[in-house]
Amino acid sequence: MLRLAPLLIIALLVIPVTAGLGMVLLPAFGYLPVLGSEQANLSAWQMLFAQPGLGRSVAVSFASGLASTALALLIVVLFLAASQGTWLDRSLRRLVSPLLAIPHAAVAFGFAFLIAPSGLMARLISPWLSGWEAPPDALIVNDPWGLALTFGLVLKEAPFLLLMSLAALPQLQAEQRLRLARSLGYAPTIAWLKVVLPSLYPLIRLPIYAVIAYATSVVDMALILGPRLPPTLSVSILGWFSDPDITHRFMASAAAVLQLGVTLAALLSWWLLEQLARRLSQRWLTNGDRQRGEALFTVTGRAGLTLASLAALAALVGLGLFSVAGFWRFPELLPQSFTFDHWQRSADMLAGPLVNTALIALLSTGLAAVLVVATLENEQRQQIHPTRSLWLLYLPLLVPQIAFLYGLVVAAERLGIRPQLALVVAGHLLFVLPYVYLSLAEAYRRLDPRWLYIAQSLGVSRRRAFWRVRLLLLLAPLLTAVAVGLAVSIGQYLPTQLLGAGRVPTVTTEAVALASGGNRRLIGVWALVQAGLPLVGFMAAVALPRWLGAPRRAPLNVQRQG
């Protein structure tokens with residue numbers, strides 16, 4: 001049975017994505033018998049290219065995706081280079097998981113409250129520094145250039161890239177490399193950039209590509225922070241898919257194919273930039289320069305991620321303040337009064353979405369955890385090297401959600417499957433499974449196999465040793481992976497909205513729906529609940545092993561013996 005688990009994971013990741021893309025490609029070229037169109041044509045593309053502002057939508061999606069990824073990567077690389085072994089490094093590493101757990105929509109709402117003309121930043125400098133007695137007349141949130149969206153994406157992408165980098169660093173023996181470079185007279189930051197980064201980057205290339213794919217096609221953050229007229233391409237596609245006029249479905253399908261093209265163009269552009277950077281950096285890597293730029297790199301590296309982390313924390317503080325704020329005139333830094341009326345009014349409305357959110361997250365994460373553990377156990381027993389098929393884990397993350405999820409909706413309708421909770425759970429599983437696997441795989445592979453050999457030498461069967469020894473030693477990493485999966489599921493907006501057809505409300509879908517209303521108090525309540533739910537999972541992941549008496553860290557062995 002264990003041998004079926006890897007095949008089942010591959011099927012779960014590949015079949016829905018390819019089927020979804022196929023069911024989007026056909027309507028894009030005019031073929032959708034359900035709507036009475038049985039002949040291929042280009043009318044959908046003609047209608048799409050006639051839409052006003054399409055070029056700007058494409059440009060903002062492309063530019064914000066590339067710019068946010070480049071800025072997040074620069075922040076992470078310089079931080080790792082400038083802060084290794086320092087108290088700042090240790091402090092920010094502890095913040096990675098909590099910051100990563102906060103859903104995208106919650107970060108977007110908090111960031112909007114932070115940078116808005118009447119937001120916390122403007123209040124902090126008014127009127128003593130800015131002279132503002134009233135909010136400035138400036139379009140900061142929803143700016144037409146997508147700058148707010150770009151910087152909001154950086155706040156979420158930087159923790160993810162940092163976590164992926166920290167997971168890859170142990171494979172490089174970075175400390176030994178740095179000691180050797182330091183013995184040759186290289187400054188610490190220059191040494192890291194010259195001897196560690198060239199080997200680290202290939203290991204985090206796939207996560208970077210996943211970030212580009214997400215950033216160029218994001219919907220929930222774009223609805224909150226992105227431009228409105230015209231919106232980003234992904235937001236336009238969602239609007240056309242939801243249009244009561246069913247003829248817009250053909251145009252929406254063509255636009256989804258165009259979104260796929262935009263993402264592929266962004267990935268190709270990044271690859272070309274990689275080749276250019278490799279050629280331009282060859283001389284710098286080998287010129288023997290040991291000190292030049294050390295001070296600039298160190299200050300920039302330590303300041304960049306610190307500011308991004310403080311901005312994310314300040315965004316959460318802003319959500320909390322607005323959720324309990326009474327009368328609060330500008331430019332006062334704090335409300336004149338505090339009230340829980342907004343929480344009381346939202347309590348009844350929160351009940352249903354909270355139950356749906358918890359049920360979907362628990363079911364999708366539970367299924368993912370079972371499949372991942374079975375796959376990793378089969379890998380250990382069969383001594384299989386996993387690298388060949390690793391890229392398949394990133395398939396749902398590399399293909400824009402909007403490009404294949406609507407195709408899944410069409411495919412489900414053709415099969416007679418109506419929008420329902422089970423379909424939403426299956427959609428969440430697509431995105432939860434890769435994160436659970438990536439979170440657990442390294443700890444699973446590094447577990448010292450001698451513990452199992454000892455158990456079996458005492459007459460314990462392999463199956464019982466798995467339950468009584470391996471899972472107990474891996475309880476903390478497993479619960480952490482489950483917490484990551486819960487956080488990913490809680491933050492999913494588009495799969496819930498499309499596969500549930502609006503009939504399965506969750507905290508995330510309801511919070512994003514409030515974005516158009518502009519009521520900061522209610523938005524603060526819903527966004528704070530959304531941000532708090534994943535933290536509950538991480539706190540349980542820390543507390544349960546202690547409560548059950550399991551070791552917090554599994555005994556690991558880098559070199560397998562046996």
# chains A, B, ... in the order shown; residues from 1 in each chain; ligands from 1
call {"tool": "residues_around", "arguments": {"residues": "range 320-327 of chain A", "least_positions_apart": "5", "cutoff": "10 Å", "atoms": "only C-alpha atoms", "output": "list in words"}}
result
Gly110, Phe113, Leu120, Ala314, Ala315, Leu334, Pro335, Gln336, Ser337, Phe338, Thr339, Phe340, Asp341, His342, Trp343, Asn519, Arg520, Arg521, Leu522, Ile523, Gly524, Val525, Trp526, Ala527, Leu528 and Val529 of chain A
call {"tool": "residues_around", "arguments": {"residues": "range 39-54 of chain A", "least_positions_apart": "4", "cutoff": "10 Å", "atoms": "only C-alpha atoms", "output": "list of chain:residue names"}}
result
A:Leu26, A:Pro27, A:Ala28, A:Phe29, A:Gly30, A:Tyr31, A:Leu32, A:Pro33, A:Val58, A:Ala59, A:Leu229, A:Pro230, A:Pro231, A:Thr232, A:Leu233, A:Ser236, A:Thr247, A:His248, A:Arg249, A:Phe250, A:Met251, A:Ala252, A:Ser253, A:Ala254, A:Ala255, A:Leu258
call {"tool": "residues_around", "arguments": {"residues": "Leu95 in chain A", "least_positions_apart": "3", "cutoff": "12 Å", "atoms": "only C-alpha atoms", "output": "list in words"}}
result
Leu88, Asp89, Arg90, Ser91, Leu92, Pro98, Leu99, Leu100, Ala101, Ile102, Ala158, Pro159, Phe160, Leu162, Leu163, Leu305, Thr306, Ala308, Ser309, Leu310, Ala312, Leu313, Leu535 and Phe538 of chain A
call {"tool": "write_last_selection", "arguments": {"atoms": "N, CA, C and O atoms", "output": "mmCIF file, in the first residue's frame"}}
result
data_model
loop_
_atom_site.group_PDB
_atom_site.id
_atom_site.type_symbol
_atom_site.label_atom_id
_atom_site.label_comp_id
_atom_site.auth_asym_id
_atom_site.auth_seq_id
_atom_site.Cartn_x
_atom_site.Cartn_y
_atom_site.Cartn_z
ATOM 1 N N LEU A 88 20.590 39.305 15.844
ATOM 2 C CA LEU A 88 19.532 39.683 14.907
ATOM 3 C C LEU A 88 19.117 38.490 14.059
ATOM 4 O O LEU A 88 17.929 38.280 13.798
ATOM 5 N N ASP A 89 20.096 37.717 13.631
ATOM 6 C CA ASP A 89 19.819 36.516 12.850
ATOM 7 C C ASP A 89 18.952 35.556 13.657
ATOM 8 O O ASP A 89 17.925 35.053 13.170
ATOM 9 N N ARG A 90 19.335 35.298 14.897
ATOM 10 C CA ARG A 90 18.567 34.366 15.740
ATOM 11 C C ARG A 90 17.164 34.894 16.030
ATOM 12 O O ARG A 90 16.199 34.132 16.047
ATOM 13 N N SER A 91 17.047 36.208 16.235
ATOM 14 C CA SER A 91 15.738 36.788 16.560
ATOM 15 C C SER A 91 14.782 36.710 15.376
ATOM 16 O O SER A 91 13.621 36.301 15.527
ATOM 17 N N LEU A 92 15.257 37.091 14.193
ATOM 18 C CA LEU A 92 14.370 37.106 13.031
ATOM 19 C C LEU A 92 14.040 35.701 12.548
ATOM 20 O O LEU A 92 12.981 35.473 11.962
ATOM 21 N N PRO A 98 5.907 32.414 12.321
ATOM 22 C CA PRO A 98 4.703 33.214 12.573
ATOM 23 C C PRO A 98 4.356 34.164 11.439
ATOM 24 O O PRO A 98 3.176 34.307 11.089
ATOM 25 N N LEU A 99 5.366 34.821 10.847
ATOM 26 C CA LEU A 99 5.082 35.744 9.746
ATOM 27 C C LEU A 99 4.598 34.992 8.517
ATOM 28 O O LEU A 99 3.724 35.463 7.786
ATOM 29 N N LEU A 100 5.182 33.820 8.280
ATOM 30 C CA LEU A 100 4.757 33.015 7.135
ATOM 31 C C LEU A 100 3.340 32.487 7.326
ATOM 32 O O LEU A 100 2.610 32.268 6.363
ATOM 33 N N ALA A 101 2.947 32.285 8.587
ATOM 34 C CA ALA A 101 1.623 31.731 8.874
ATOM 35 C C ALA A 101 0.505 32.731 8.632
ATOM 36 O O ALA A 101 -0.642 32.338 8.407
ATOM 37 N N ILE A 102 0.809 34.023 8.676
ATOM 38 C CA ILE A 102 -0.242 35.029 8.511
ATOM 39 C C ILE A 102 -0.744 35.002 7.068
ATOM 40 O O ILE A 102 0.051 35.123 6.132
ATOM 41 N N ALA A 158 9.259 37.555 1.397
ATOM 42 C CA ALA A 158 10.553 37.514 2.071
ATOM 43 C C ALA A 158 10.618 36.417 3.136
ATOM 44 O O ALA A 158 11.599 35.655 3.175
ATOM 45 N N PRO A 159 9.612 36.269 4.032
ATOM 46 C CA PRO A 159 9.678 35.156 4.997
ATOM 47 C C PRO A 159 9.712 33.786 4.335
ATOM 48 O O PRO A 159 10.412 32.884 4.806
ATOM 49 N N PHE A 160 8.965 33.607 3.247
ATOM 50 C CA PHE A 160 8.969 32.319 2.552
ATOM 51 C C PHE A 160 10.343 32.005 1.971
ATOM 52 O O PHE A 160 10.870 30.899 2.134
ATOM 53 N N LEU A 162 13.173 33.255 2.908
ATOM 54 C CA LEU A 162 14.111 33.058 4.018
ATOM 55 C C LEU A 162 13.989 31.630 4.563
ATOM 56 O O LEU A 162 15.004 30.971 4.835
ATOM 57 N N LEU A 163 12.770 31.142 4.721
ATOM 58 C CA LEU A 163 12.569 29.788 5.227
ATOM 59 C C LEU A 163 13.141 28.753 4.267
ATOM 60 O O LEU A 163 13.799 27.789 4.689
ATOM 61 N N LEU A 305 15.511 43.298 6.093
ATOM 62 C CA LEU A 305 14.570 42.327 6.650
ATOM 63 C C LEU A 305 14.011 42.802 7.980
ATOM 64 O O LEU A 305 12.866 42.497 8.326
ATOM 65 N N THR A 306 14.803 43.567 8.726
ATOM 66 C CA THR A 306 14.295 44.118 9.986
ATOM 67 C C THR A 306 13.113 45.037 9.732
ATOM 68 O O THR A 306 12.078 44.950 10.402
ATOM 69 N N ALA A 308 11.177 45.080 7.050
ATOM 70 C CA ALA A 308 10.046 44.298 6.532
ATOM 71 C C ALA A 308 9.318 43.571 7.655
ATOM 72 O O ALA A 308 8.077 43.533 7.691
ATOM 73 N N SER A 309 10.068 43.010 8.601
ATOM 74 C CA SER A 309 9.439 42.311 9.727
ATOM 75 C C SER A 309 8.685 43.281 10.623
ATOM 76 O O SER A 309 7.565 42.989 11.070
ATOM 77 N N LEU A 310 9.291 44.449 10.890
ATOM 78 C CA LEU A 310 8.607 45.447 11.711
ATOM 79 C C LEU A 310 7.344 45.949 11.025
ATOM 80 O O LEU A 310 6.331 46.201 11.679
ATOM 81 N N ALA A 312 5.446 44.201 8.966
ATOM 82 C CA ALA A 312 4.427 43.151 9.098
ATOM 83 C C ALA A 312 3.830 43.150 10.503
ATOM 84 O O ALA A 312 2.608 43.011 10.667
ATOM 85 N N LEU A 313 4.683 43.314 11.521
ATOM 86 C CA LEU A 313 4.169 43.349 12.895
ATOM 87 C C LEU A 313 3.319 44.594 13.127
ATOM 88 O O LEU A 313 2.277 44.536 13.789
ATOM 89 N N LEU A 535 -1.937 30.998 13.800
ATOM 90 C CA LEU A 535 -1.078 31.051 14.985
ATOM 91 C C LEU A 535 -1.522 30.037 16.031
ATOM 92 O O LEU A 535 -0.696 29.511 16.786
ATOM 93 N N PHE A 538 0.225 26.844 15.130
ATOM 94 C CA PHE A 538 1.642 26.827 15.475
ATOM 95 C C PHE A 538 1.842 26.723 16.988
ATOM 96 O O PHE A 538 2.777 26.058 17.447
#
call {"tool": "atom_distance", "arguments": {"atom1": "CA of Pro534 in chain A", "atom2": "CA of Leu474 in chain A"}}
result
20.9 Å
call {"tool": "closest_residue", "arguments": {"among": "A:Ile204, A:Leu533, A:Val432, A:Leu74", "to": "Met164 in chain A", "atoms": "only C-alpha atoms"}}
result
A:Ile204
call {"tool": "residues_around", "arguments": {"residues": "Leu223 in chain A", "least_positions_apart": "4", "cutoff": "9 Å", "atoms": "only C-alpha atoms", "output": "list in words"}}
result
Asn142, Val218, Val219, Pro227, Arg228, Pro231, Thr232, Val235, Val512, Ala515 and Ser516 of chain A
call {"tool": "closest_residue", "arguments": {"among": "A:Ala487, A:Ala213, A:Ala358, A:Ala501", "to": "Gly261 in chain A", "atoms": "only C-alpha atoms"}}
result
A:Ala213
call {"tool": "residues_around", "arguments": {"residues": "Asn378 in chain A", "least_positions_apart": "6", "cutoff": "8 Å", "atoms": "only C-alpha atoms", "output": "list in words"}}
result
Leu2, Arg3 and Ala5 of chain A
call {"tool": "closest_atom_pairs", "arguments": {"of": "range 480-540 of chain A", "to": "range 437-447 of chain A", "cutoff": "9 Å", "atoms": "only C-alpha atoms", "output": "Markdown table"}}
result
| residue | atom | partner | partner_atom | distance |
| --- | --- | --- | --- | --- |
| A:Thr480 | CA | A:Ser439 | CA | 7.6 |
| A:Ala481 | CA | A:Ser439 | CA | 5.1 |
| A:Val482 | CA | A:Ser439 | CA | 8.7 |
| A:Val484 | CA | A:Ser439 | CA | 7.6 |
| A:Gly485 | CA | A:Ser439 | CA | 9.0 |
call {"tool": "write_last_selection", "arguments": {"atoms": "N, CA, C and O atoms", "output": "mmCIF file, in the first residue's frame"}}
result
data_model
loop_
_atom_site.group_PDB
_atom_site.id
_atom_site.type_symbol
_atom_site.label_atom_id
_atom_site.label_comp_id
_atom_site.auth_asym_id
_atom_site.auth_seq_id
_atom_site.Cartn_x
_atom_site.Cartn_y
_atom_site.Cartn_z
ATOM 1 N N THR A 480 4.549 20.553 13.218
ATOM 2 C CA THR A 480 4.917 21.807 12.549
ATOM 3 C C THR A 480 4.465 21.797 11.099
ATOM 4 O O THR A 480 3.944 22.801 10.589
ATOM 5 N N ALA A 481 4.668 20.661 10.412
ATOM 6 C CA ALA A 481 4.210 20.552 9.019
ATOM 7 C C ALA A 481 2.695 20.672 8.931
ATOM 8 O O ALA A 481 2.160 21.303 8.006
ATOM 9 N N VAL A 482 1.989 20.071 9.892
ATOM 10 C CA VAL A 482 0.528 20.197 9.924
ATOM 11 C C VAL A 482 0.127 21.648 10.145
ATOM 12 O O VAL A 482 -0.821 22.152 9.512
ATOM 13 N N VAL A 484 1.801 24.275 9.261
ATOM 14 C CA VAL A 484 2.039 24.969 7.988
ATOM 15 C C VAL A 484 0.889 24.694 7.023
ATOM 16 O O VAL A 484 0.386 25.601 6.346
ATOM 17 N N GLY A 485 0.467 23.425 6.943
ATOM 18 C CA GLY A 485 -0.645 23.077 6.064
ATOM 19 C C GLY A 485 -1.930 23.788 6.448
ATOM 20 O O GLY A 485 -2.673 24.269 5.574
#
call {"tool": "atom_distance", "arguments": {"atom1": "CA of Ala265 in chain A", "atom2": "CA of Pro396 in chain A"}}
result
17.6 Å
call {"tool": "residues_around", "arguments": {"residues": "Glu332 in chain A", "least_positions_apart": "6", "cutoff": "10 Å", "atoms": "only C-alpha atoms", "output": "short mmCIF file (atom, residue, chain, number, x, y, z; two decimals) with all heavy atoms, in the first residue's frame"}}
result
data_model
loop_
_atom_site.label_atom_id
_atom_site.label_comp_id
_atom_site.auth_asym_id
_atom_site.auth_seq_id
_atom_site.Cartn_x
_atom_site.Cartn_y
_atom_site.Cartn_z
N SER A 118 -4.62 58.13 5.86
CA SER A 118 -5.01 58.30 7.26
C SER A 118 -4.55 57.14 8.12
O SER A 118 -5.10 56.91 9.19
CB SER A 118 -6.53 58.46 7.38
OG SER A 118 -7.19 57.30 6.87
N LEU A 120 -1.55 54.46 10.01
CA LEU A 120 -0.70 54.60 11.19
C LEU A 120 0.58 55.38 10.90
O LEU A 120 1.05 56.16 11.75
CB LEU A 120 -0.34 53.21 11.74
CG LEU A 120 -1.50 52.39 12.32
CD1 LEU A 120 -0.99 51.07 12.88
CD2 LEU A 120 -2.21 53.16 13.42
N ALA A 122 1.08 57.78 8.65
CA ALA A 122 0.76 59.21 8.54
C ALA A 122 0.46 59.81 9.91
O ALA A 122 0.85 60.95 10.20
CB ALA A 122 -0.42 59.41 7.58
N ARG A 123 -0.22 59.06 10.77
CA ARG A 123 -0.54 59.55 12.11
C ARG A 123 0.73 59.69 12.96
O ARG A 123 0.82 60.57 13.80
CB ARG A 123 -1.53 58.61 12.79
CG ARG A 123 -2.92 58.59 12.14
CD ARG A 123 -3.78 57.49 12.74
NE ARG A 123 -5.09 57.42 12.09
CZ ARG A 123 -6.16 58.12 12.44
NH1 ARG A 123 -6.07 58.96 13.46
NH2 ARG A 123 -7.30 58.00 11.79
N LEU A 124 1.67 58.78 12.73
CA LEU A 124 2.89 58.79 13.54
C LEU A 124 3.72 60.06 13.31
O LEU A 124 4.39 60.54 14.23
CB LEU A 124 3.72 57.55 13.22
CG LEU A 124 4.94 57.27 14.10
CD1 LEU A 124 4.51 57.01 15.53
CD2 LEU A 124 5.73 56.09 13.56
N SER A 126 2.40 62.99 12.08
CA SER A 126 1.53 64.18 11.97
C SER A 126 1.07 64.63 13.36
O SER A 126 0.79 63.79 14.23
CB SER A 126 0.32 63.86 11.09
OG SER A 126 0.71 63.46 9.80
N PRO A 127 0.92 65.94 13.54
CA PRO A 127 1.31 67.01 12.59
C PRO A 127 2.72 67.53 12.84
O PRO A 127 3.19 68.42 12.16
CB PRO A 127 0.29 68.10 12.92
CG PRO A 127 0.05 67.93 14.39
CD PRO A 127 0.18 66.46 14.69
N GLU A 133 -2.86 68.31 9.17
CA GLU A 133 -3.99 68.31 10.09
C GLU A 133 -5.14 67.48 9.55
O GLU A 133 -6.09 67.16 10.27
CB GLU A 133 -4.46 69.74 10.36
CG GLU A 133 -3.45 70.60 11.09
CD GLU A 133 -3.26 70.16 12.54
OE1 GLU A 133 -4.11 69.40 13.05
OE2 GLU A 133 -2.25 70.57 13.15
#
call {"tool": "select_by_dssp", "arguments": {"residues": "range 12-255 of chain A", "states": "alpha helix (DSSP H)", "output": "PyMOL selection string"}}
result
chain A and resi 12-28+43-49+54-83+87-101+104-115+120-124+147-168+174-183+188-195+197-200+205-217+220-225+233-241+248-255
call {"tool": "atom_distance", "arguments": {"atom1": "CA of Ala19 in chain A", "atom2": "CA of Val60 in chain A"}}
result
28.4 Å
call {"tool": "closest_residue", "arguments": {"among": "A:Leu363, A:Leu272, A:Leu376, A:Val262", "to": "Tyr214 in chain A", "atoms": "only C-alpha atoms"}}
result
A:Val262
call {"tool": "residues_around", "arguments": {"residues": "Val409 in chain A", "least_positions_apart": "6", "cutoff": "8 Å", "atoms": "only C-alpha atoms", "output": "NGL selection string"}}
result
:A and (20 or 498-499)
call {"tool": "write_last_selection", "arguments": {"atoms": "C-alpha atoms", "output": "PDB file, in the first residue's frame"}}
result
ATOM      1  CA  GLY A  20      -7.920  22.409 -15.547  1.00  0.00           C
ATOM      2  CA  LEU A 498     -14.294  29.326  -7.509  1.00  0.00           C
ATOM      3  CA  LEU A 499     -14.744  25.701  -6.430  1.00  0.00           C
TER       4      LEU A 499
END
call {"tool": "decode", "arguments": {"residues": "range 396-410 of chain A", "atoms": "C-alpha atoms", "output": "tab-separated table (two decimals), in the first residue's frame"}}
result
chain	number	residue	atom	x	y	z
A	396	PRO	CA	0.32	23.69	-8.59
A	397	LEU	CA	2.51	26.54	-7.32
A	398	LEU	CA	4.17	27.26	-10.67
A	399	VAL	CA	0.94	27.36	-12.70
A	400	PRO	CA	-1.22	30.44	-11.95
A	401	GLN	CA	-4.27	29.45	-9.93
A	402	ILE	CA	-6.62	31.50	-12.08
A	403	ALA	CA	-5.30	29.70	-15.17
A	404	PHE	CA	-6.49	26.22	-14.18
A	405	LEU	CA	-8.99	26.48	-11.31
A	406	TYR	CA	-11.79	27.68	-13.56
A	407	GLY	CA	-11.04	24.74	-15.85
A	408	LEU	CA	-11.51	22.50	-12.82
A	409	VAL	CA	-14.89	24.10	-12.22
A	410	VAL	CA	-15.92	23.34	-15.80
